[in-house]
Amino acid sequence: MSEEGTRKHPVDEVLPLPKLALYGFQHVLAFYAGAVVVPILVASGIGLSPQQLVYLINADLFTCGIATIIQAWGFWKIGVRLPIVQGVTFTAVAPMIAIGQGAATPTAALLAIYGATITSGIVMFLAAPFLGRVLRLFPPVVTGTVLTIMGLLLIPNALTDAAGGAALKGKPDFGSWKHLMYAGGTVLFIVVLYRLRRPFLSSVAVLLGLVGGTVVSWLLGDTSFDQVGRSDWVGVTTPFHYGAPTFQIGACVAMLLVMMVTVVETVGDSKATGEIVGKHVSDEDVTRAFRADGLSTVLGGTLNAFPYTCFAQNVGLVRLTGVRSRFVVVAAGFIMMVLGLFPKAAAYVASIPPDVLGGAAMVMFGMVAVVGIQTLGQADLRDERNALIVGVSIGIAFVPSTIPAFGEHMPRDVSAILNSGITLGSITAILLNLVFNVLTREKPAPAAEAAGPPTAGPAGGPAGE
């Protein structure tokens, strides 16, 4: 009994170096697609140059490594100390693109994004002990609505890339069969990989789809890798590479909303990982995870990267492999940092053609909407109040993209909020949830009762029964 009491938990076991390297590299493979896709999507959305994209990919990989080490290894009251990989939250893609599209230049867009990222990271770090108390403001009806809105509003951007990219808009080649074939072939390849039902192939299906589509495009002479030859072999990301960040109210509000969604993700991933490795995750553990998210996000804005949170696909890998040591994930963090030092590797990623990227992005954005719909499945949509929250929020979210003049005559900071459909829809969902579900003590009534007596069917019961 005493031996069991002194035995080290498998989570805290340090494996031999070869195993650490092998299992750590496997985590990197599972994580890599999500890590590089976010910079690619943001760069495409705000019009960054290939050189800027290469720098963003390297900065992201390097900072992902640091963030992962902070979360898995931990120090003081920071880090959950579980085998959890940190990566750029996909939830932030749409708001970052929206922030960037409202800026005068691509560089100005990055500075506004970084200012909002740093602000949200500081707020999350300081508010970590209290975040559990505000989770009731973000029930499934709110988080599901936000995720659904994000996925739906991002799909048009993916389709623009699939047609050849924003740079070709208005030109004869935009939407040509060639671009659509590349995009469609990428989608088909990803679908086939998922159909094979191999867990590892599924975890890297998007990455393999991007690689396969790019190789085919290169073999047919439609893609070049000239940028690779112009890139340095070694490069180090430096703080505030593009200048001092700017702090805009609308951008900061949008990113704070993103961080509230990641709070829900962090709670879920931490609890799930705890169950997988057989270690109880207390409220204090979750608070330490929040602090790690906040600190990593501040580092992201400082080191030219993005907001960070737990990566769900790597939680699945822990369950699949049965390897519970958190130091395997720490090793993965060091591998990421090393990969972030080689711009030539990032240059290959930056050479992915827009149509191939558009095909993969269409799948990913569609899946974001599906996750939102799944989350909404946890809410009682038979309650008309919840249904109203979803319906009104989605409708309002489409106003800015449908009516371009909406909000343009308002003050700049207000316009930045109103011209983002994701921010506008998210704020609407939060406010309506406050009105209907938080500030009232009345219990939800079943939809049938709220609507009055049911319509009689053939046997006198409700119609359809």
# chains A, B, ... in the order shown; residues from 1 in each chain; ligands from 1

call {"tool": "residues_around", "arguments": {"residues": "Ser393 (chain A)", "least_positions_apart": "2", "cutoff": "7 Å", "atoms": "only C-alpha atoms", "output": "number ranges by chain"}}
result
A: 389-391, 395-397, 425, 428-429

call {"tool": "residues_around", "arguments": {"residues": "region 430-442 of chain A", "least_positions_apart": "2", "cutoff": "10 Å", "atoms": "only C-alpha atoms", "output": "PyMOL selection string"}}
result
chain A and resi 136-139+141-143+145-146+257+385-386+388-390+392-393+425-428+444-445

call {"tool": "write_last_selection", "arguments": {"atoms": "N, CA, C and O atoms", "output": "tab-separated table (two decimals), in the first residue's frame"}}
result
chain	number	residue	atom	x	y	z
A	136	ARG	N	-21.67	30.28	-16.89
A	136	ARG	CA	-23.11	30.18	-17.10
A	136	ARG	C	-23.61	31.18	-18.13
A	136	ARG	O	-24.72	31.04	-18.64
A	137	LEU	N	-22.78	32.20	-18.42
A	137	LEU	CA	-23.15	33.15	-19.46
A	137	LEU	C	-22.89	32.57	-20.86
A	137	LEU	O	-23.27	33.17	-21.85
A	138	PHE	N	-22.22	31.41	-20.90
A	138	PHE	CA	-21.87	30.79	-22.18
A	138	PHE	C	-22.33	29.33	-22.21
A	138	PHE	O	-21.52	28.42	-22.37
A	139	PRO	N	-23.63	29.11	-22.06
A	139	PRO	CA	-24.15	27.74	-22.17
A	139	PRO	C	-24.09	27.27	-23.61
A	139	PRO	O	-23.75	28.04	-24.52
A	141	VAL	N	-26.26	26.93	-25.84
A	141	VAL	CA	-27.03	27.70	-26.81
A	141	VAL	C	-26.24	28.91	-27.31
A	141	VAL	O	-26.41	29.35	-28.46
A	142	VAL	N	-25.32	29.44	-26.48
A	142	VAL	CA	-24.49	30.58	-26.90
A	142	VAL	C	-23.27	30.09	-27.66
A	142	VAL	O	-23.00	30.55	-28.78
A	143	THR	N	-22.50	29.16	-27.07
A	143	THR	CA	-21.28	28.70	-27.74
A	143	THR	C	-21.60	28.00	-29.05
A	143	THR	O	-20.88	28.15	-30.04
A	145	THR	N	-24.18	28.61	-31.01
A	145	THR	CA	-24.56	29.65	-31.97
A	145	THR	C	-23.33	30.36	-32.52
A	145	THR	O	-23.22	30.59	-33.73
A	146	VAL	N	-22.39	30.70	-31.63
A	146	VAL	CA	-21.17	31.40	-32.05
A	146	VAL	C	-20.38	30.55	-33.03
A	146	VAL	O	-19.93	31.03	-34.08
A	257	LEU	N	-14.26	37.88	-26.97
A	257	LEU	CA	-15.30	36.89	-27.21
A	257	LEU	C	-14.69	35.54	-27.60
A	257	LEU	O	-15.16	34.47	-27.18
A	385	ARG	N	-37.50	30.20	-26.36
A	385	ARG	CA	-36.52	31.25	-26.07
A	385	ARG	C	-35.14	30.89	-26.61
A	385	ARG	O	-34.45	31.73	-27.18
A	386	ASN	N	-34.74	29.63	-26.42
A	386	ASN	CA	-33.46	29.19	-26.97
A	386	ASN	C	-33.48	29.24	-28.49
A	386	ASN	O	-32.50	29.64	-29.13
A	388	LEU	N	-35.20	31.19	-30.31
A	388	LEU	CA	-35.15	32.60	-30.70
A	388	LEU	C	-33.72	33.14	-30.62
A	388	LEU	O	-33.29	33.90	-31.50
A	389	ILE	N	-32.99	32.75	-29.59
A	389	ILE	CA	-31.59	33.19	-29.45
A	389	ILE	C	-30.79	32.78	-30.68
A	389	ILE	O	-30.05	33.57	-31.27
A	390	VAL	N	-30.95	31.51	-31.09
A	390	VAL	CA	-30.20	31.00	-32.24
A	390	VAL	C	-30.63	31.70	-33.52
A	390	VAL	O	-29.80	32.19	-34.29
A	392	VAL	N	-32.32	34.59	-34.16
A	392	VAL	CA	-32.04	36.03	-34.26
A	392	VAL	C	-30.55	36.28	-34.41
A	392	VAL	O	-30.12	37.12	-35.22
A	393	SER	N	-29.73	35.56	-33.64
A	393	SER	CA	-28.27	35.78	-33.69
A	393	SER	C	-27.70	35.45	-35.06
A	393	SER	O	-26.88	36.20	-35.61
A	425	GLY	N	-23.08	38.83	-34.24
A	425	GLY	CA	-23.91	37.68	-33.90
A	425	GLY	C	-23.60	37.13	-32.52
A	425	GLY	O	-24.51	36.71	-31.79
A	426	SER	N	-22.31	37.14	-32.14
A	426	SER	CA	-21.92	36.62	-30.83
A	426	SER	C	-22.47	37.50	-29.71
A	426	SER	O	-22.99	37.01	-28.70
A	427	ILE	N	-22.33	38.81	-29.88
A	427	ILE	CA	-22.85	39.74	-28.87
A	427	ILE	C	-24.37	39.58	-28.74
A	427	ILE	O	-24.92	39.58	-27.63
A	428	THR	N	-25.04	39.41	-29.87
A	428	THR	CA	-26.49	39.21	-29.85
A	428	THR	C	-26.86	37.96	-29.06
A	428	THR	O	-27.79	37.97	-28.23
A	444	PRO	N	-37.87	27.19	-18.09
A	444	PRO	CA	-38.34	27.03	-19.46
A	444	PRO	C	-39.56	26.14	-19.53
A	444	PRO	O	-39.63	25.10	-18.89
A	445	ALA	N	-40.52	26.57	-20.32
A	445	ALA	CA	-41.72	25.76	-20.52
A	445	ALA	C	-41.55	24.92	-21.76
A	445	ALA	O	-40.95	25.36	-22.74

call {"tool": "residues_around", "arguments": {"residues": "Phe25 (chain A)", "least_positions_apart": "6", "cutoff": "10 Å", "atoms": "only C-alpha atoms", "output": "PyMOL selection string"}}
result
chain A and resi 19+31+328-329+331-336

call {"tool": "write_last_selection", "arguments": {"atoms": "C-alpha atoms", "output": "JSON list (two decimals), in the first residue's frame"}}
result
[["chain", "number", "residue", "atom", "x", "y", "z"],
["A", 19, "LYS", "CA", 10.54, 7.20, -26.63],
["A", 31, "PHE", "CA", -0.90, 18.95, -34.45],
["A", 328, "VAL", "CA", 6.02, 13.36, -24.16],
["A", 329, "VAL", "CA", 4.06, 16.54, -24.92],
["A", 331, "ALA", "CA", 9.21, 16.91, -25.96],
["A", 332, "ALA", "CA", 6.73, 17.76, -28.72],
["A", 333, "GLY", "CA", 6.95, 21.39, -27.60],
["A", 334, "PHE", "CA", 10.73, 21.42, -28.02],
["A", 335, "ILE", "CA", 10.39, 19.79, -31.47],
["A", 336, "MET", "CA", 7.93, 22.54, -32.50]]

call {"tool": "closest_atom_pairs", "arguments": {"of": "region 84-159 of chain A", "to": "region 242-250 of chain A", "cutoff": "6 Å", "atoms": "only C-alpha atoms", "output": "Markdown table"}}
result
| residue | atom | partner | partner_atom | distance |
| --- | --- | --- | --- | --- |
| A:Leu111 | CA | A:Pro245 | CA | 4.4 |
| A:Ala112 | CA | A:Thr246 | CA | 4.9 |
| A:Tyr114 | CA | A:Pro245 | CA | 5.7 |
| A:Gly115 | CA | A:Pro245 | CA | 4.7 |

call {"tool": "residues_around", "arguments": {"residues": "region 231-239 of chain A", "least_positions_apart": "3", "cutoff": "7 Å", "atoms": "only C-alpha atoms", "output": "list in words"}}
result
Ala59, Gln227, Val228, Thr302, Leu303, Asn304, Leu341, Phe342, Pro343, Lys344 and Ala347 of chain A

call {"tool": "write_last_selection", "arguments": {"atoms": "all heavy atoms", "output": "PDB file, in the first residue's frame"}}
result
ATOM      1  N   ALA A  59       6.876  31.798 -36.718  1.00  0.00           N
ATOM      2  CA  ALA A  59       6.557  32.396 -35.412  1.00  0.00           C
ATOM      3  C   ALA A  59       5.518  31.556 -34.684  1.00  0.00           C
ATOM      4  O   ALA A  59       5.600  31.336 -33.470  1.00  0.00           O
ATOM      5  CB  ALA A  59       6.066  33.825 -35.604  1.00  0.00           C
ATOM      6  N   GLN A 227       9.714  30.728 -53.843  1.00  0.00           N
ATOM      7  CA  GLN A 227       9.846  31.353 -52.525  1.00  0.00           C
ATOM      8  C   GLN A 227      10.772  30.554 -51.619  1.00  0.00           C
ATOM      9  O   GLN A 227      11.450  31.116 -50.759  1.00  0.00           O
ATOM     10  CB  GLN A 227       8.466  31.482 -51.878  1.00  0.00           C
ATOM     11  CG  GLN A 227       8.446  32.168 -50.513  1.00  0.00           C
ATOM     12  CD  GLN A 227       8.944  33.594 -50.581  1.00  0.00           C
ATOM     13  OE1 GLN A 227       8.679  34.314 -51.535  1.00  0.00           O
ATOM     14  NE2 GLN A 227       9.693  34.002 -49.575  1.00  0.00           N
ATOM     15  N   VAL A 228      10.832  29.241 -51.833  1.00  0.00           N
ATOM     16  CA  VAL A 228      11.702  28.402 -51.010  1.00  0.00           C
ATOM     17  C   VAL A 228      13.166  28.786 -51.220  1.00  0.00           C
ATOM     18  O   VAL A 228      13.946  28.911 -50.277  1.00  0.00           O
ATOM     19  CB  VAL A 228      11.489  26.910 -51.338  1.00  0.00           C
ATOM     20  CG1 VAL A 228      12.447  26.042 -50.528  1.00  0.00           C
ATOM     21  CG2 VAL A 228      10.043  26.513 -51.086  1.00  0.00           C
ATOM     22  N   THR A 302       2.985  38.943 -28.723  1.00  0.00           N
ATOM     23  CA  THR A 302       4.316  39.545 -28.637  1.00  0.00           C
ATOM     24  C   THR A 302       5.264  38.971 -29.686  1.00  0.00           C
ATOM     25  O   THR A 302       6.069  39.689 -30.284  1.00  0.00           O
ATOM     26  CB  THR A 302       4.910  39.317 -27.232  1.00  0.00           C
ATOM     27  OG1 THR A 302       4.020  39.858 -26.248  1.00  0.00           O
ATOM     28  CG2 THR A 302       6.271  39.985 -27.090  1.00  0.00           C
ATOM     29  N   LEU A 303       5.141  37.661 -29.932  1.00  0.00           N
ATOM     30  CA  LEU A 303       6.060  36.967 -30.849  1.00  0.00           C
ATOM     31  C   LEU A 303       5.458  36.771 -32.244  1.00  0.00           C
ATOM     32  O   LEU A 303       5.831  35.853 -32.963  1.00  0.00           O
ATOM     33  CB  LEU A 303       6.464  35.619 -30.254  1.00  0.00           C
ATOM     34  CG  LEU A 303       7.274  35.678 -28.956  1.00  0.00           C
ATOM     35  CD1 LEU A 303       7.523  34.280 -28.415  1.00  0.00           C
ATOM     36  CD2 LEU A 303       8.603  36.402 -29.181  1.00  0.00           C
ATOM     37  N   ASN A 304       4.494  37.632 -32.599  1.00  0.00           N
ATOM     38  CA  ASN A 304       3.932  37.654 -33.964  1.00  0.00           C
ATOM     39  C   ASN A 304       3.136  36.395 -34.288  1.00  0.00           C
ATOM     40  O   ASN A 304       3.138  35.915 -35.425  1.00  0.00           O
ATOM     41  CB  ASN A 304       5.055  37.830 -35.000  1.00  0.00           C
ATOM     42  CG  ASN A 304       6.110  38.816 -34.554  1.00  0.00           C
ATOM     43  OD1 ASN A 304       5.860  40.008 -34.486  1.00  0.00           O
ATOM     44  ND2 ASN A 304       7.297  38.317 -34.210  1.00  0.00           N
ATOM     45  N   LEU A 341      12.397  27.303 -36.425  1.00  0.00           N
ATOM     46  CA  LEU A 341      13.648  28.018 -36.727  1.00  0.00           C
ATOM     47  C   LEU A 341      14.080  27.870 -38.181  1.00  0.00           C
ATOM     48  O   LEU A 341      15.120  28.395 -38.566  1.00  0.00           O
ATOM     49  CB  LEU A 341      14.773  27.507 -35.814  1.00  0.00           C
ATOM     50  CG  LEU A 341      14.570  27.705 -34.308  1.00  0.00           C
ATOM     51  CD1 LEU A 341      15.720  27.071 -33.527  1.00  0.00           C
ATOM     52  CD2 LEU A 341      14.477  29.195 -33.967  1.00  0.00           C
ATOM     53  N   PHE A 342      13.274  27.161 -39.006  1.00  0.00           N
ATOM     54  CA  PHE A 342      13.693  26.884 -40.385  1.00  0.00           C
ATOM     55  C   PHE A 342      12.692  27.474 -41.384  1.00  0.00           C
ATOM     56  O   PHE A 342      11.688  26.843 -41.731  1.00  0.00           O
ATOM     57  CB  PHE A 342      13.836  25.376 -40.612  1.00  0.00           C
ATOM     58  CG  PHE A 342      14.900  24.742 -39.758  1.00  0.00           C
ATOM     59  CD1 PHE A 342      14.559  24.017 -38.631  1.00  0.00           C
ATOM     60  CD2 PHE A 342      16.242  24.900 -40.069  1.00  0.00           C
ATOM     61  CE1 PHE A 342      15.536  23.442 -37.833  1.00  0.00           C
ATOM     62  CE2 PHE A 342      17.224  24.340 -39.272  1.00  0.00           C
ATOM     63  CZ  PHE A 342      16.881  23.611 -38.158  1.00  0.00           C
ATOM     64  N   PRO A 343      12.955  28.688 -41.882  1.00  0.00           N
ATOM     65  CA  PRO A 343      12.041  29.348 -42.824  1.00  0.00           C
ATOM     66  C   PRO A 343      11.825  28.581 -44.130  1.00  0.00           C
ATOM     67  O   PRO A 343      10.774  28.709 -44.740  1.00  0.00           O
ATOM     68  CB  PRO A 343      12.728  30.694 -43.090  1.00  0.00           C
ATOM     69  CG  PRO A 343      13.571  30.937 -41.883  1.00  0.00           C
ATOM     70  CD  PRO A 343      14.050  29.574 -41.461  1.00  0.00           C
ATOM     71  N   LYS A 344      12.813  27.814 -44.572  1.00  0.00           N
ATOM     72  CA  LYS A 344      12.627  27.084 -45.829  1.00  0.00           C
ATOM     73  C   LYS A 344      11.486  26.080 -45.719  1.00  0.00           C
ATOM     74  O   LYS A 344      10.722  25.873 -46.675  1.00  0.00           O
ATOM     75  CB  LYS A 344      13.923  26.378 -46.239  1.00  0.00           C
ATOM     76  CG  LYS A 344      14.936  27.305 -46.899  1.00  0.00           C
ATOM     77  CD  LYS A 344      16.045  26.534 -47.560  1.00  0.00           C
ATOM     78  CE  LYS A 344      17.062  27.478 -48.210  1.00  0.00           C
ATOM     79  NZ  LYS A 344      16.467  28.255 -49.319  1.00  0.00           N
ATOM     80  N   ALA A 347       8.388  27.967 -46.048  1.00  0.00           N
ATOM     81  CA  ALA A 347       8.199  28.467 -47.415  1.00  0.00           C
ATOM     82  C   ALA A 347       7.480  27.438 -48.280  1.00  0.00           C
ATOM     83  O   ALA A 347       6.699  27.798 -49.164  1.00  0.00           O
ATOM     84  CB  ALA A 347       9.547  28.832 -48.032  1.00  0.00           C
TER      85      ALA A 347
END

call {"tool": "select_by_dssp", "arguments": {"residues": "region 185-252 of chain A", "states": "alpha helix (DSSP H)", "output": "ChimeraX atom specification"}}
result
/A:185-195,199-203,205-219,226-230,249-252

call {"tool": "write_last_selection", "arguments": {"atoms": "N, CA, C and O atoms", "output": "compact mmCIF listing (two decimals), in the first residue's frame"}}
result
# COMPACT_ATOMS: atom_id res chain seq x y z
N GLY A 185 -10.74 18.37 -56.14
CA GLY A 185 -9.85 17.22 -55.95
C GLY A 185 -9.31 17.16 -54.54
O GLY A 185 -9.18 16.07 -53.96
N THR A 186 -8.99 18.33 -53.96
CA THR A 186 -8.50 18.37 -52.57
C THR A 186 -9.58 17.89 -51.62
O THR A 186 -9.32 17.10 -50.70
N VAL A 187 -10.81 18.37 -51.82
CA VAL A 187 -11.93 17.93 -50.97
C VAL A 187 -12.11 16.42 -51.09
O VAL A 187 -12.26 15.72 -50.08
N LEU A 188 -12.09 15.91 -52.31
CA LEU A 188 -12.28 14.48 -52.54
C LEU A 188 -11.21 13.65 -51.84
O LEU A 188 -11.49 12.63 -51.22
N PHE A 189 -9.95 14.12 -51.93
CA PHE A 189 -8.83 13.41 -51.30
C PHE A 189 -9.02 13.35 -49.79
O PHE A 189 -8.81 12.32 -49.15
N ILE A 190 -9.43 14.46 -49.19
CA ILE A 190 -9.65 14.51 -47.74
C ILE A 190 -10.77 13.57 -47.34
O ILE A 190 -10.67 12.82 -46.35
N VAL A 191 -11.85 13.57 -48.12
CA VAL A 191 -12.99 12.71 -47.83
C VAL A 191 -12.58 11.23 -47.90
O VAL A 191 -12.96 10.41 -47.05
N VAL A 192 -11.78 10.87 -48.92
CA VAL A 192 -11.32 9.49 -49.06
C VAL A 192 -10.48 9.07 -47.86
O VAL A 192 -10.63 7.96 -47.33
N LEU A 193 -9.59 9.96 -47.40
CA LEU A 193 -8.77 9.63 -46.24
C LEU A 193 -9.63 9.39 -45.00
O LEU A 193 -9.36 8.47 -44.21
N TYR A 194 -10.66 10.20 -44.82
CA TYR A 194 -11.56 9.97 -43.70
C TYR A 194 -12.34 8.66 -43.87
O TYR A 194 -12.61 7.95 -42.90
N ARG A 195 -12.69 8.35 -45.11
CA ARG A 195 -13.46 7.13 -45.38
C ARG A 195 -12.66 5.86 -45.05
O ARG A 195 -13.24 4.82 -44.73
N PRO A 199 -7.40 6.12 -37.74
CA PRO A 199 -7.33 7.29 -36.85
C PRO A 199 -6.19 8.25 -37.18
O PRO A 199 -6.38 9.46 -37.19
N PHE A 200 -5.01 7.69 -37.47
CA PHE A 200 -3.88 8.59 -37.76
C PHE A 200 -4.11 9.34 -39.06
O PHE A 200 -3.87 10.56 -39.14
N LEU A 201 -4.57 8.65 -40.10
CA LEU A 201 -4.83 9.32 -41.38
C LEU A 201 -5.89 10.40 -41.23
O LEU A 201 -5.80 11.47 -41.83
N SER A 202 -6.90 10.13 -40.41
CA SER A 202 -7.94 11.12 -40.19
C SER A 202 -7.38 12.36 -39.51
O SER A 202 -7.77 13.49 -39.83
N SER A 203 -6.43 12.16 -38.57
CA SER A 203 -5.89 13.31 -37.84
C SER A 203 -5.02 14.20 -38.72
O SER A 203 -4.85 15.38 -38.41
N ALA A 205 -5.54 14.29 -42.22
CA ALA A 205 -6.16 14.28 -43.54
C ALA A 205 -6.08 15.64 -44.23
O ALA A 205 -5.81 15.73 -45.43
N VAL A 206 -6.31 16.71 -43.48
CA VAL A 206 -6.26 18.06 -44.07
C VAL A 206 -4.84 18.37 -44.54
O VAL A 206 -4.63 18.89 -45.65
N LEU A 207 -3.86 18.04 -43.71
CA LEU A 207 -2.46 18.29 -44.09
C LEU A 207 -2.10 17.51 -45.34
O LEU A 207 -1.51 18.06 -46.28
N LEU A 208 -2.48 16.22 -45.40
CA LEU A 208 -2.17 15.41 -46.58
C LEU A 208 -2.93 15.92 -47.80
O LEU A 208 -2.42 15.86 -48.92
N GLY A 209 -4.14 16.42 -47.60
CA GLY A 209 -4.89 16.99 -48.70
C GLY A 209 -4.20 18.21 -49.28
O GLY A 209 -4.13 18.38 -50.51
N LEU A 210 -3.69 19.06 -48.41
CA LEU A 210 -2.95 20.25 -48.86
C LEU A 210 -1.67 19.85 -49.60
O LEU A 210 -1.35 20.41 -50.65
N VAL A 211 -0.97 18.86 -49.05
CA VAL A 211 0.27 18.40 -49.69
C VAL A 211 -0.04 17.76 -51.04
O VAL A 211 0.60 18.07 -52.05
N GLY A 212 -1.04 16.88 -51.07
CA GLY A 212 -1.38 16.20 -52.32
C GLY A 212 -1.83 17.16 -53.40
O GLY A 212 -1.39 17.08 -54.56
N GLY A 213 -2.70 18.12 -53.05
CA GLY A 213 -3.17 19.09 -54.02
C GLY A 213 -2.05 19.97 -54.55
O GLY A 213 -1.99 20.28 -55.75
N THR A 214 -1.13 20.36 -53.66
CA THR A 214 -0.01 21.20 -54.08
C THR A 214 0.94 20.45 -55.00
O THR A 214 1.42 21.00 -55.99
N VAL A 215 1.19 19.18 -54.70
CA VAL A 215 2.08 18.37 -55.55
C VAL A 215 1.49 18.21 -56.95
O VAL A 215 2.20 18.36 -57.96
N VAL A 216 0.19 17.92 -57.02
CA VAL A 216 -0.46 17.78 -58.33
C VAL A 216 -0.38 19.10 -59.11
O VAL A 216 -0.07 19.12 -60.31
N SER A 217 -0.64 20.21 -58.41
CA SER A 217 -0.58 21.52 -59.07
C SER A 217 0.84 21.81 -59.57
O SER A 217 1.02 22.37 -60.65
N TRP A 218 1.84 21.39 -58.80
CA TRP A 218 3.24 21.61 -59.20
C TRP A 218 3.59 20.74 -60.41
O TRP A 218 4.24 21.20 -61.36
N LEU A 219 3.15 19.48 -60.39
CA LEU A 219 3.44 18.58 -61.50
C LEU A 219 2.81 19.07 -62.81
O LEU A 219 3.35 18.85 -63.89
N ASP A 226 9.49 28.97 -55.95
CA ASP A 226 10.54 29.97 -56.01
C ASP A 226 10.79 30.60 -54.64
O ASP A 226 11.92 30.97 -54.31
N GLN A 227 9.71 30.73 -53.84
CA GLN A 227 9.85 31.35 -52.52
C GLN A 227 10.77 30.55 -51.62
O GLN A 227 11.45 31.12 -50.76
N VAL A 228 10.83 29.24 -51.83
CA VAL A 228 11.70 28.40 -51.01
C VAL A 228 13.17 28.79 -51.22
O VAL A 228 13.95 28.91 -50.28
N GLY A 229 13.55 28.99 -52.47
CA GLY A 229 14.93 29.37 -52.77
C GLY A 229 15.31 30.73 -52.21
O GLY A 229 16.47 30.98 -51.89
N ARG A 230 14.32 31.62 -52.07
CA ARG A 230 14.62 32.97 -51.56
C ARG A 230 14.59 33.04 -50.04
O ARG A 230 14.95 34.06 -49.46
N ILE A 249 -10.80 49.21 -29.90
CA ILE A 249 -11.85 48.68 -29.04
C ILE A 249 -12.59 47.52 -29.72
O ILE A 249 -12.79 46.46 -29.12
N GLY A 250 -12.99 47.72 -30.97
CA GLY A 250 -13.73 46.67 -31.67
C GLY A 250 -12.94 45.38 -31.78
O GLY A 250 -13.47 44.29 -31.56
N ALA A 251 -11.66 45.50 -32.13
CA ALA A 251 -10.81 44.32 -32.27
C ALA A 251 -10.64 43.61 -30.94
O ALA A 251 -10.69 42.36 -30.86
N CYS A 252 -10.46 44.38 -29.87
CA CYS A 252 -10.27 43.78 -28.54
C CYS A 252 -11.54 43.07 -28.08
O CYS A 252 -11.48 41.98 -27.49

call {"tool": "atom_distance", "arguments": {"atom1": "CA of Thr91 (chain A)", "atom2": "CA of Ala254 (chain A)"}}
result
10.9 Å

call {"tool": "atom_distance", "arguments": {"atom1": "CA of Leu339 (chain A)", "atom2": "CA of Leu61 (chain A)"}}
result
6.8 Å

call {"tool": "atom_distance", "arguments": {"atom1": "CA of Thr423 (chain A)", "atom2": "CA of Tyr308 (chain A)"}}
result
19.0 Å

call {"tool": "closest_residue", "arguments": {"among": "A:Ser325, A:Thr160, A:Ser296, A:Ser224", "to": "Ile70 (chain A)", "atoms": "only C-alpha atoms"}}
result
A:Ser296
